[in-house]
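First up is the structure itself, then whatever we jot down about it.
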Amino acid sequence: AYSSLDHNMTTLIMKLFTPGRLLFLLPLVVVGYLVVMTILSQFWEISLGTYYLPESWPEISHPGNMMMVNITFNLSKEADKNASKVAEEVAPHQERSVSKVAEQVYIMRNCTTQDNDQKHLASLNVEDLNSNVNNVSIDRLTAVSPVPVINGGNLSIRSNATASTSNSQMDKPKKQVVELESRWKDSFNIEKYLRRMRRVRLVTLSEIKSMLLSSPKYSNSVRQKGSAIRDDELVYVSSQIMSAPVLRNVTDLHAPLFRNVSVFKSVLALHKQYVCRSYGLMDQTLKIYIYKEGEKPIFHQAGLTGIYAGEGWFMELLERNKRFTTEDPQNAHLYYLPFSATTLRWTLNDKKSHNVKQLENYLRDYVDLIKNKYSYWNANGGSDHFFVACHDWALRITRKHMRSCIRALCNANVARGFNLGKDVSVPVTFIHNEDDPSGNIGGKPPIQRDVLAFFAGRIHGYLRPLLLKYWGNKVSDIKIFGQLPLNIEGELTYEEYMKSSKYCICARGYQVHSPRVVESILYECIPVIIADNYVPPFFDVLDWETFAVFVQEKDIPNLRSILLSISEDKYLDMHHRLKLVQRHFIWHKVPKKYDLFHMILHSLWSSRVSQIRPL
């Protein structure tokens with residue numbers, strides 16, 4: 001009997017697993033696996049994606065801070081049922097007559113100026129507030145949030161209703177939509193929300209500093225096969241930097257701003273001879289060859305205004321520079337790929353397109369051209385080649401075919417492929433007037449800054465809605481606004497708040513970088529950087545914690561307590577250092593020592609020297 005049963009089972013199994021039946025069962029197995037993993041991820045928070053998940057690359061409109069749109073709230077019942085639990089603290093002045101709402105979801109959806117916009121979803125559950133959700137039939141609710149204006153030289157507040165009436169031209173392109181299906185409750189788990197939205201692992205500031213210290217500075221790199229003279233020069237530079245003596249007296253630099261000012265600058269030693277260190281050796285030695293290949297407007301044509309103007313200003317100043325450039329590639333320590341990532345994006349892609357692959361292939365073809373025409377890329381795999389790019393997409397479109405280059409990027413996200421120790425973080429500089437790139441510098445003295453913290457900007461990305469939720473119109477000394485009017489009045493109001501606030505919030509948008517960091521420095525408002533995984537500009541040289549405040553994204557609810565915990569003496573010290581560090585973040589039509597152009601050059605130089613393996 002047992003033998004017969006075994007035979008029957010064997011026959012059944014063989015029939016079940018015939019090739020035809022396997023093709024039928026395989027999709028069922030895959031679907032079952034996905035269902036089980038989805039259920040487990042909700043209860044045990046199993047991560048279904050970690051480090052390098054595909055990014056979305058939304059278009060960000062050109063004028064930056066001033067291009068911010070009003071916030072509207074949309075109530076809808078068609079919500080994701082698999083959302084995480086979130087609730088809203090409702091301000092007294094924003095009471096909503098919403099009753100009989102149950103198990104709804106808060107969806108934050110951001111649209112900039114394109115039709116095919118990027119949507120950031122934070123799907124949230126809310127407990128039963130009263131009754132059945134089917135009884136709710138609210139189509140759209142527009143939140144009235146205050147807008148600051150300048151009235152007779154003083155700052156005042158007016159409602160968005162008035163602002164939108166007086167600025168009717170802004171009503172048509174309003175696509176910044178926040179769909180609200182219910183209230184947030186006090187048990188909102190901000191850390192779980194951030195993990196869900198960030199989609200990459202968190203790298204803290206202390207971890208970034210540890211990575212910087214452990215990076216292979218001044219050693220462990222493949223030596224270039226040709227240009228032996230250039231290699232010998234860099235080996236000598238490396239040995240000089242490593243043997244830098246400790247400086248006791250520094251005249252033209254403020255030592256506390258730097259991680260190691262002895263390594264950075266040159267000093268006048270005995271017998272009136274200079275002992276040169278990193279910056280001084282760069283000033284004496286560095287030569288850059290600029291490739292002539294590439295057609296305008298993507299190559300050799302600088303855009304000098306707008307939020308991404310930094311890449312244009314560097315191109316413009318380097319291409320007309322005689323001191324650091326050479327016409328003979330054999331004499332070069334670095335090779336510049338003179339393209340604009342911003343122009344590349346807008347030339348190859350129309351306004352609605354997000355075809356990243358097309359941009360990657362274009363750069364691949366350019367690199368192939370350089371490889372086939374010259375021997376310098378192939379000599380060491382492109383590690384002595386570099387470019388400067390500030391567009392959001394540059395981090396992604398260059399991580400395949402140009403990953404071996406020294407990438408000078410504004411979007412310095414260490415969890416998205418920014419290689420600390422090789423790549424270079426450069427600041428986002430919003431240039432309004434190419435005839436005066438430094439713009440309006442300075443602000444009120446500390447004693448006249450009566451606003452504790454200020455932010456105004458488009459509420460896009462996953463973080464800024466949290467900033468508005470927790471601190472929008474909550475306390476009198478923290479001013480958090482969304483869109484300011486797109487006119488001169490709005491621009492002046494923005495500047496006035498920057499100049500009147502002690503701390504300026506630099507919260508990430510779609511990406512980690514923000515022009516507010518440099519704006520805060522220039523307006524002498526202590527930058528409060530809220531952007532996990534962000535590597536600040538010139539991080540290997542400047543000690544940012546001496547003039548800026550870093551707040552983790554999860555600590556937004558404690559923002560006011562963190563700022564109030566800073567003593568007045570420490571604030572005054574930071575404010576003093578902020579004024580001294582301004583010189584390193586300013587573009588000049590004719591470059592000056594230690595200015596932004598030279599600081600970017602030094603970061604590129606330092607990265608190149610760090611790759612040289614001493615003999």
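Just so we're on the same page: first chain in the structure tokens is A, next is B, and so on; residues restart at 1 for each chain, and ligands are numbered from 1 in the order they show up.
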Near segment 524-532 of chain A, 10 Å: segment 410-459 of chain A residue rows, closest pairs, only C-alpha atoms, as a Markdown table:
| residue | atom | partner | partner_atom | distance |
| --- | --- | --- | --- | --- |
| A:Asn413 | CA | A:Asp532 | CA | 8.4 |
| A:Val414 | CA | A:Asp532 | CA | 9.2 |
| A:Ala415 | CA | A:Asp532 | CA | 9.2 |
| A:Ile441 | CA | A:Glu524 | CA | 8.2 |
| A:Gly442 | CA | A:Glu524 | CA | 5.9 |
| A:Gly443 | CA | A:Glu524 | CA | 5.9 |
| A:Lys444 | CA | A:Glu524 | CA | 8.0 |
| A:Pro445 | CA | A:Glu524 | CA | 8.7 |
| A:Pro446 | CA | A:Glu524 | CA | 9.1 |
| A:Arg449 | CA | A:Cys525 | CA | 9.1 |
| A:Ala453 | CA | A:Val528 | CA | 8.8 |
| A:Phe454 | CA | A:Cys525 | CA | 9.5 |
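Restricting the calculation to only C-alpha atoms, the smallest distance between His576 of chain A and any of A:Tyr497, A:His254, A:Thr11, A:Glu311 is found for A:His254.
Residue nearest Arg320 of chain A within the list A:Leu359, A:Leu604, A:Ile290, A:Met498: A:Ile290 [criterion: smallest interatomic distance, only C-alpha atoms].
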So that I can check the surroundings of segment 366-372 of chain A, please list as a PyMOL selection string every protein, DNA and RNA residue that reaches within 9 Å of it, counting only C-alpha atoms and ignoring chain neighbours fewer than 3 positions away. chain A and resi 291+293-294+361-363+375-378+401-402
Backbone-only DSSP, alpha helix (DSSP H) members of segment 280-333 of chain A, as a list in words: Gly280, Leu281, Met282, Asp283, Gln284, Thr285, Ala309, Gly310, Glu311, Gly312, Trp313, Phe314, Met315, Glu316, Leu317, Leu318 and Glu319 of chain A
With C-alpha atoms retained, could you export that selection as an mmCIF file, in the first residue's frame?
data_model
loop_
_atom_site.group_PDB
_atom_site.id
_atom_site.type_symbol
_atom_site.label_atom_id
_atom_site.label_comp_id
_atom_site.auth_asym_id
_atom_site.auth_seq_id
_atom_site.Cartn_x
_atom_site.Cartn_y
_atom_site.Cartn_z
ATOM 1 C CA GLY A 280 50.627 78.071 -1.928
ATOM 2 C CA LEU A 281 51.869 75.047 -3.870
ATOM 3 C CA MET A 282 48.749 75.134 -6.011
ATOM 4 C CA ASP A 283 49.308 78.805 -6.701
ATOM 5 C CA GLN A 284 52.866 78.091 -7.866
ATOM 6 C CA THR A 285 52.469 74.742 -9.612
ATOM 7 C CA ALA A 309 25.328 79.759 -12.412
ATOM 8 C CA GLY A 310 28.280 78.405 -10.404
ATOM 9 C CA GLU A 311 29.269 75.966 -13.143
ATOM 10 C CA GLY A 312 29.121 78.803 -15.662
ATOM 11 C CA TRP A 313 31.217 81.202 -13.627
ATOM 12 C CA PHE A 314 33.923 78.606 -13.083
ATOM 13 C CA MET A 315 34.017 77.855 -16.834
ATOM 14 C CA GLU A 316 34.126 81.549 -17.727
ATOM 15 C CA LEU A 317 36.919 82.420 -15.299
ATOM 16 C CA LEU A 318 39.060 79.377 -16.073
ATOM 17 C CA GLU A 319 38.847 79.672 -19.847
#
I need the strand (DSSP E or B) residues of segment 315-457 of chain A per DSSP on the backbone, written as a ChimeraX atom specification. /A:325,334-336,339,385-389,406-409,413,420,423-425,431,451-456
Would you write out, as a Markdown table, a table of all residues in segment 395-462 of chain A that have an atom no more than 10 Å from an atom of segment 511-523 of chain A, listing for each the closest atom pair and the distance in Å to one decimal, considering only C-alpha atoms and ordering rows by chain and rising residue number?
| residue | atom | partner | partner_atom | distance |
| --- | --- | --- | --- | --- |
| A:Leu409 | CA | A:His513 | CA | 9.7 |
| A:Cys410 | CA | A:His513 | CA | 6.4 |
| A:Asn411 | CA | A:His513 | CA | 5.5 |
| A:Ala412 | CA | A:His513 | CA | 7.1 |
| A:Asn413 | CA | A:Val512 | CA | 6.4 |
| A:Val414 | CA | A:Val512 | CA | 9.8 |
| A:Ser425 | CA | A:His513 | CA | 9.8 |
| A:Val426 | CA | A:His513 | CA | 9.6 |
| A:Pro427 | CA | A:Val518 | CA | 7.0 |
| A:Val428 | CA | A:Pro515 | CA | 4.8 |
| A:Thr429 | CA | A:Pro515 | CA | 5.6 |
| A:Phe430 | CA | A:Pro515 | CA | 6.1 |
| A:Ile431 | CA | A:Pro515 | CA | 9.8 |
| A:Ser438 | CA | A:Leu522 | CA | 8.7 |
| A:Gly439 | CA | A:Leu522 | CA | 8.9 |
| A:Asn440 | CA | A:Leu522 | CA | 7.8 |
| A:Ile441 | CA | A:Leu522 | CA | 5.1 |
| A:Gly442 | CA | A:Tyr523 | CA | 4.6 |
| A:Gly443 | CA | A:Tyr523 | CA | 5.1 |
| A:Lys444 | CA | A:Tyr523 | CA | 8.4 |
| A:Phe455 | CA | A:Arg516 | CA | 9.1 |
| A:Ala456 | CA | A:Arg516 | CA | 9.8 |
| A:Gly457 | CA | A:Arg516 | CA | 9.7 |
| A:His460 | CA | A:Gln511 | CA | 10.0 |
| A:Gly461 | CA | A:Gln511 | CA | 7.8 |
| A:Tyr462 | CA | A:Gln511 | CA | 9.9 |
Keeping C-alpha atoms for every residue in the selection just given, could you write it to a file as a PDB file, in the first residue's frame?
ATOM      1  CA  LEU A 409      29.219  68.724  -7.769  1.00  0.00           C
ATOM      2  CA  CYS A 410      26.678  70.869  -5.974  1.00  0.00           C
ATOM      3  CA  ASN A 411      24.496  67.812  -5.332  1.00  0.00           C
ATOM      4  CA  ALA A 412      27.000  66.266  -2.904  1.00  0.00           C
ATOM      5  CA  ASN A 413      24.884  63.410  -1.539  1.00  0.00           C
ATOM      6  CA  VAL A 414      27.237  60.894   0.042  1.00  0.00           C
ATOM      7  CA  SER A 425      31.511  69.558  -3.126  1.00  0.00           C
ATOM      8  CA  VAL A 426      30.920  73.049  -4.509  1.00  0.00           C
ATOM      9  CA  PRO A 427      28.330  75.573  -3.293  1.00  0.00           C
ATOM     10  CA  VAL A 428      25.116  76.543  -5.069  1.00  0.00           C
ATOM     11  CA  THR A 429      25.352  80.244  -5.851  1.00  0.00           C
ATOM     12  CA  PHE A 430      22.236  82.047  -7.052  1.00  0.00           C
ATOM     13  CA  ILE A 431      23.513  84.855  -9.305  1.00  0.00           C
ATOM     14  CA  SER A 438      28.760  89.090  -5.389  1.00  0.00           C
ATOM     15  CA  GLY A 439      25.393  90.833  -5.019  1.00  0.00           C
ATOM     16  CA  ASN A 440      24.125  92.433  -1.838  1.00  0.00           C
ATOM     17  CA  ILE A 441      26.365  91.342   1.037  1.00  0.00           C
ATOM     18  CA  GLY A 442      25.881  91.990   4.742  1.00  0.00           C
ATOM     19  CA  GLY A 443      23.022  92.340   7.185  1.00  0.00           C
ATOM     20  CA  LYS A 444      21.949  93.805  10.491  1.00  0.00           C
ATOM     21  CA  PHE A 455      12.677  80.037   5.934  1.00  0.00           C
ATOM     22  CA  ALA A 456      10.780  80.820   2.747  1.00  0.00           C
ATOM     23  CA  GLY A 457      10.655  78.609  -0.299  1.00  0.00           C
ATOM     24  CA  HIS A 460       8.721  70.528  -2.474  1.00  0.00           C
ATOM     25  CA  GLY A 461      10.521  67.321  -1.614  1.00  0.00           C
ATOM     26  CA  TYR A 462       9.700  65.210   1.416  1.00  0.00           C
TER      27      TYR A 462
END
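The list of residues with at least one atom within 10 Å of Val590 of chain A, based on only C-alpha atoms and without residues fewer than 3 positions apart in the same chain, reads Leu317, Asn321, Trp587 and Phe597 of chain A.
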Output of the above residues as an mmCIF file, in the first residue's frame, restricted to C-alpha atoms:
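Contents of part-v8.cif, as written:
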data_model
loop_
_atom_site.group_PDB
_atom_site.id
_atom_site.type_symbol
_atom_site.label_atom_id
_atom_site.label_comp_id
_atom_site.auth_asym_id
_atom_site.auth_seq_id
_atom_site.Cartn_x
_atom_site.Cartn_y
_atom_site.Cartn_z
ATOM 1 C CA LEU A 317 36.919 82.420 -15.299
ATOM 2 C CA ASN A 321 42.722 82.496 -17.074
ATOM 3 C CA TRP A 587 32.556 85.176 -7.228
ATOM 4 C CA PHE A 597 37.069 80.410 -7.823
#
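Restricting the calculation to only C-alpha atoms, the smallest distance between Arg277 of chain A and any of A:Ser238, A:Leu205, A:Pro256, A:Lys292 is found for A:Ser238.
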